Amino acid sequence: MQPGELMPTIRVDLFEGRTPEQKRNLVKALTQACVDTLGSKPESVDILLFDIKPSDWATGGVLWSDKPKS
């Protein structure tokens, strides 16, 4: 397999609420990073975005929805 044929798949988990424009900018930046560092062709880079509710994510045994707002 040639370097440009590498097919990385990137999974990104983030809290819900990002705008479509923010997501567009993120996937463009991640795709370019794969092109620059792995030699991938842009069309071979797959990025999966998962919006997670704060009530479905915990750190240190505490749901993010239960953490005090700063």
# chains A, B, ... in the order shown; residues from 1 in each chain; ligands from 1
$ select_by_dssp --residues "chain A" --states "strand (DSSP E)" --output "short mmCIF file (atom, residue, chain, number, x, y, z; two decimals) with C-alpha atoms, in the first residue's frame"
data_model
loop_
_atom_site.label_atom_id
_atom_site.label_comp_id
_atom_site.auth_asym_id
_atom_site.auth_seq_id
_atom_site.Cartn_x
_atom_site.Cartn_y
_atom_site.Cartn_z
CA THR A 9 -10.36 6.76 10.49
CA ILE A 10 -10.53 9.25 13.33
CA ARG A 11 -13.25 9.11 15.97
CA VAL A 12 -13.93 12.35 17.85
CA ASP A 13 -16.16 12.33 20.92
CA LEU A 14 -17.25 15.79 22.06
CA PHE A 15 -19.92 17.39 24.12
CA ASP A 46 -12.64 9.39 7.46
CA ILE A 47 -13.66 11.37 10.52
CA LEU A 48 -16.55 10.31 12.73
CA LEU A 49 -18.03 12.93 15.07
CA PHE A 50 -20.05 11.82 18.07
CA ASP A 51 -22.02 14.38 20.06
CA ILE A 52 -22.28 13.25 23.67
CA ALA A 58 -18.27 11.05 33.42
CA THR A 59 -14.78 11.82 34.69
CA VAL A 62 -18.87 12.28 38.35
CA LEU A 63 -21.20 12.99 35.46
#
$ residues_around --residues "Pro54 in chain A" --least-positions-apart "2" --cutoff "6 Å" --atoms "only C-alpha atoms" --output "PyMOL selection string"
chain A and resi 56-57+64-65
$ select_by_dssp --residues "chain A" --states "helix (DSSP H, G or I)" --output "PyMOL selection string"
chain A and resi 3-5+20-38+42-44+54-56+64-66
$ atom_distance --atom1 "CA of Cys34 in chain A" --atom2 "CA of Gln22 in chain A"
18.5 Å
$ closest_residue --among "A:Leu30, A:Glu43, A:Lys53, A:Val35" --to "Arg18 in chain A" --atoms "only C-alpha atoms"
A:Lys53
$ atom_distance --atom1 "CA of Asn25 in chain A" --atom2 "CA of Ser55 in chain A"
25.9 Å
$ closest_residue --among "A:Val45, A:Ser40, A:Pro68, A:Glu16" --to "Lys28 in chain A" --atoms "only C-alpha atoms"
A:Val45
